[in-house]
$ cat coords-v4.cif   # mmCIF, C-alpha atoms
data_entry
loop_
_atom_site.label_atom_id
_atom_site.label_comp_id
_atom_site.auth_asym_id
_atom_site.auth_seq_id
_atom_site.Cartn_x
_atom_site.Cartn_y
_atom_site.Cartn_z
CA MET T 1 23.71 11.00 -0.43
CA LYS T 2 22.47 11.14 3.16
CA GLU T 3 20.63 8.05 4.40
CA ILE T 4 17.38 8.67 6.25
CA GLY T 5 15.42 6.37 8.52
CA LEU T 6 12.27 4.39 7.75
CA TRP T 7 9.90 6.86 9.43
CA GLU T 8 11.44 9.84 7.64
CA GLN T 9 10.98 8.02 4.31
CA ILE T 10 7.36 7.25 5.14
CA LYS T 11 6.75 10.90 6.04
CA GLU T 12 8.21 11.90 2.66
CA ASP T 13 5.95 9.35 0.93
CA PHE T 14 2.86 10.83 2.59
CA ALA T 15 3.96 14.35 1.61
CA GLN T 16 4.22 13.65 -2.13
CA PRO T 17 0.50 13.94 -3.02
CA ILE T 18 0.30 17.17 -1.02
CA LEU T 19 3.26 18.59 -2.94
CA HIS T 20 2.55 17.24 -6.44
CA ASP T 21 -1.16 16.59 -6.96
CA PRO T 22 -3.21 19.69 -7.76
CA ALA T 23 -6.39 17.68 -7.08
CA PHE T 24 -5.36 17.08 -3.46
CA ASN T 25 -7.78 18.74 -1.03
CA SER T 26 -7.41 17.14 2.39
CA LYS T 27 -5.12 14.87 4.39
CA VAL T 28 -8.11 12.56 4.86
CA GLU T 29 -7.80 11.79 1.13
CA LEU T 30 -4.41 10.17 1.76
CA PHE T 31 -6.19 7.26 3.42
CA PHE T 32 -8.81 6.69 0.73
CA ASN T 33 -7.59 8.06 -2.60
CA TYR T 34 -3.87 7.38 -2.86
CA PRO T 35 -3.15 3.64 -3.21
CA GLY T 36 0.33 4.48 -4.49
CA VAL T 37 1.22 6.03 -1.15
CA TRP T 38 0.04 2.95 0.72
CA ALA T 39 1.91 0.64 -1.64
CA LEU T 40 5.12 2.61 -1.08
CA VAL T 41 4.69 2.70 2.70
CA ASN T 42 4.15 -1.07 2.76
CA TYR T 43 7.10 -1.51 0.40
CA ARG T 44 9.36 0.46 2.77
CA LEU T 45 8.50 -1.90 5.63
CA ALA T 46 8.69 -5.03 3.45
CA HIS T 47 12.02 -3.95 1.95
CA LEU T 48 13.49 -3.48 5.42
CA LEU T 49 12.30 -6.97 6.39
CA HIS T 50 13.64 -8.40 3.13
CA VAL T 51 17.08 -6.89 3.71
CA LYS T 52 17.11 -8.27 7.26
CA GLY T 53 16.40 -11.80 5.94
CA PHE T 54 12.65 -12.03 6.57
CA ARG T 55 11.97 -12.58 2.87
CA THR T 56 8.81 -14.66 3.14
CA LEU T 57 7.18 -12.15 5.50
CA ALA T 58 8.20 -9.33 3.15
CA ARG T 59 6.59 -11.14 0.20
CA VAL T 60 3.40 -11.76 2.22
CA ILE T 61 3.15 -8.05 3.07
CA MET T 62 3.57 -7.06 -0.56
CA GLY T 63 1.17 -9.78 -1.71
CA LEU T 64 -1.54 -8.42 0.57
CA THR T 65 -0.67 -4.91 -0.59
CA GLN T 66 -1.10 -6.00 -4.19
CA ILE T 67 -4.58 -7.39 -3.43
CA ILE T 68 -5.62 -4.13 -1.74
CA THR T 69 -3.97 -1.58 -4.07
CA ASN T 70 -3.54 -3.41 -7.42
CA ILE T 71 0.12 -2.35 -7.32
CA ASP T 72 2.83 -5.02 -7.49
CA ILE T 73 6.18 -4.01 -5.97
CA HIS T 74 8.77 -6.66 -5.22
CA PRO T 75 10.29 -6.11 -1.75
CA ALA T 76 13.82 -6.67 -3.09
CA CYS T 77 13.74 -3.78 -5.56
CA THR T 78 15.29 -0.43 -4.67
CA ILE T 79 13.07 2.64 -4.58
CA GLY T 80 14.54 6.05 -3.81
CA ARG T 81 13.18 9.03 -1.94
CA ARG T 82 10.23 11.23 -2.83
CA VAL T 83 8.80 8.79 -5.37
CA PHE T 84 5.13 9.41 -6.22
CA LEU T 85 2.90 6.75 -7.76
CA ASP T 86 0.04 8.86 -9.13
CA HIS T 87 -3.18 7.01 -10.08
CA ALA T 88 -1.03 3.97 -9.56
CA PHE T 89 -3.33 1.07 -10.43
CA GLY T 90 -1.54 -1.58 -12.43
CA VAL T 91 2.01 -0.46 -11.58
CA VAL T 92 4.53 -3.33 -11.48
CA ILE T 93 8.08 -2.89 -10.17
CA GLY T 94 10.22 -6.01 -10.46
CA GLU T 95 12.74 -7.59 -8.13
CA THR T 96 15.96 -6.10 -9.49
CA ALA T 97 14.51 -2.73 -10.55
CA ILE T 98 16.09 0.44 -9.22
CA VAL T 99 14.02 3.63 -9.05
CA GLY T 100 15.89 6.85 -8.30
CA ASP T 101 14.86 9.85 -6.22
CA ASP T 102 12.13 12.33 -7.17
CA VAL T 103 10.47 9.98 -9.68
CA LEU T 104 6.83 10.30 -10.75
CA ILE T 105 5.19 7.10 -12.02
CA TYR T 106 1.67 7.06 -13.48
CA GLN T 107 -0.80 4.16 -13.73
CA GLY T 108 -0.18 1.03 -15.73
CA VAL T 109 3.62 1.30 -15.71
CA THR T 110 5.65 -1.90 -15.77
CA LEU T 111 9.32 -1.96 -14.80
CA GLY T 112 9.74 -5.54 -15.93
CA GLY T 113 12.42 -8.10 -16.54
CA VAL T 114 13.88 -9.49 -19.74
CA SER T 115 15.21 -12.79 -18.46
CA LEU T 116 14.06 -15.71 -16.35
CA GLU T 117 17.59 -16.32 -15.07
CA ARG T 118 18.06 -15.93 -11.31
CA GLY T 119 20.87 -13.93 -9.76
CA ILE T 120 21.28 -11.32 -12.48
CA LYS T 121 19.90 -7.80 -12.89
CA ARG T 122 16.80 -8.37 -15.02
CA HIS T 123 14.84 -5.15 -14.45
CA PRO T 124 15.46 -1.53 -15.47
CA THR T 125 17.14 1.29 -13.59
CA ILE T 126 15.24 4.58 -13.56
CA GLY T 127 17.31 7.69 -12.92
CA ASN T 128 16.56 10.59 -10.60
CA LYS T 129 13.97 13.24 -11.50
CA THR T 130 12.20 11.08 -14.07
CA VAL T 131 8.55 11.04 -15.13
CA ILE T 132 7.19 7.75 -16.47
CA GLY T 133 3.91 8.24 -18.31
CA SER T 134 0.79 6.14 -18.13
CA GLY T 135 0.98 2.68 -19.68
CA VAL T 136 4.73 2.69 -20.29
CA LYS T 137 6.51 -0.66 -20.25
CA VAL T 138 10.23 -0.42 -19.47
CA LEU T 139 11.93 -3.81 -19.72
CA GLY T 140 15.39 -4.79 -18.59
#

$ encode --input "coords-v4.cif" --output "structure tokens"
Amino acid sequence: MKEIGLWEQIKEDFAQPILHDPAFNSKVELFFNYPGVWALVNYRLAHLLHVKGFRTLARVIMGLTQIITNIDIHPACTIGRRVFLDHAFGVVIGETAIVGDDVLIYQGVTLGGVSLERGIKRHPTIGNKTVIGSGVKVLG
């Protein structure tokens, strides 16, 4: 699979509501009505910082994002391309979770862990082209 840069990923993130939400009416709405987009954009930056060793700064960014959006994404998780968090309040994506490309996640979804042990994969892997319905809890 071809790697793309941070800005190309962010452009794809902003395009997802336009492509997939029939209620979308205006690009202005991206700034006020799509917390999932903002959570993903902040995750992209925080993940890059996390990978480069700035782990505390990455966690601070995602902590502030959680306060603003009510979406909890760990900066160490792996999230693919063209992921759309629709009505995303209450979404939790854990540290070792992997989310594939072209995934749609609705509100209240938890991709949680099944162990308190450090250094192991504790969170689920979600394949490409998956839809995860509202309120679903996927553990381990």

$ atom_distance --input "coords-v4.cif" --atom1 "CA of Val37 in chain T" --atom2 "CA of Ile93 in chain T"
14.4 Å

$ resolve_selection --input "coords-v4.cif" --expression "the PyMOL selection byres ((chain T and resi 10) around 12)" --output "list of chain:residue names"
T:Ile4, T:Gly5, T:Leu6, T:Trp7, T:Glu8, T:Gln9, T:Lys11, T:Glu12, T:Asp13, T:Phe14, T:Ala15, T:Gln16, T:Val37, T:Trp38, T:Ala39, T:Leu40, T:Val41, T:Asn42, T:Tyr43, T:Arg44, T:Leu45, T:Gly80, T:Arg81, T:Arg82, T:Val83, T:Phe84

$ closest_residue --input "coords-v4.cif" --among "T:Gly94, T:Gly100, T:Ile132, T:Gly140" --to "Ser115 in chain T" --atoms "all atoms listed in the file"
T:Gly140

$ residues_near_point --input "coords-v4.cif" --point "(4.6, -4.3, 4.3)" --cutoff "12 Å" --atoms "all atoms listed in the file" --output "MDAnalysis selection string"
chainID T and resid 10 38:50 54:66 68 72:75

$ atom_distance --input "coords-v4.cif" --atom1 "CA of Val28 in chain T" --atom2 "CA of Ala88 in chain T"
18.2 Å

$ closest_residue --input "coords-v4.cif" --among "T:Leu104, T:Ala23, T:Val109, T:Thr78" --to "Lys121 in chain T" --atoms "only C-alpha atoms"
T:Thr78

$ atom_distance --input "coords-v4.cif" --atom1 "CA of His123 in chain T" --atom2 "CA of Gly36 in chain T"
20.1 Å

$ closest_residue --input "coords-v4.cif" --among "T:Ile126, T:Leu30, T:Leu139, T:Ile18" --to "Gly113 in chain T" --atoms "only C-alpha atoms"
T:Leu139

$ resolve_selection --input "coords-v4.cif" --expression "the PyMOL selection byres ((chain T and resi 135) around 10)" --output "JSON, numbers by chain"
{"T": [90, 91, 105, 106, 107, 108, 109, 110, 132, 133, 134, 136, 137, 138]}

$ resolve_selection --input "coords-v4.cif" --expression "the PyMOL selection byres ((chain T and resi 125) around 7)" --output "ChimeraX atom specification"
/T:97-99,123-124,126-127

$ write_last_selection --input "coords-v4.cif" --atoms "C-alpha atoms" --output "JSON list (two decimals), in the coordinates of the input"
[["chain", "number", "residue", "atom", "x", "y", "z"],
["T", 97, "ALA", "CA", 14.51, -2.73, -10.55],
["T", 98, "ILE", "CA", 16.09, 0.44, -9.22],
["T", 99, "VAL", "CA", 14.02, 3.63, -9.05],
["T", 123, "HIS", "CA", 14.84, -5.15, -14.45],
["T", 124, "PRO", "CA", 15.46, -1.53, -15.47],
["T", 126, "ILE", "CA", 15.24, 4.58, -13.56],
["T", 127, "GLY", "CA", 17.31, 7.69, -12.92]]

$ closest_residue --input "coords-v4.cif" --among "T:Gly112, T:Pro22, T:Pro35, T:Gly53" --to "His87 in chain T" --atoms "only C-alpha atoms"
T:Pro35
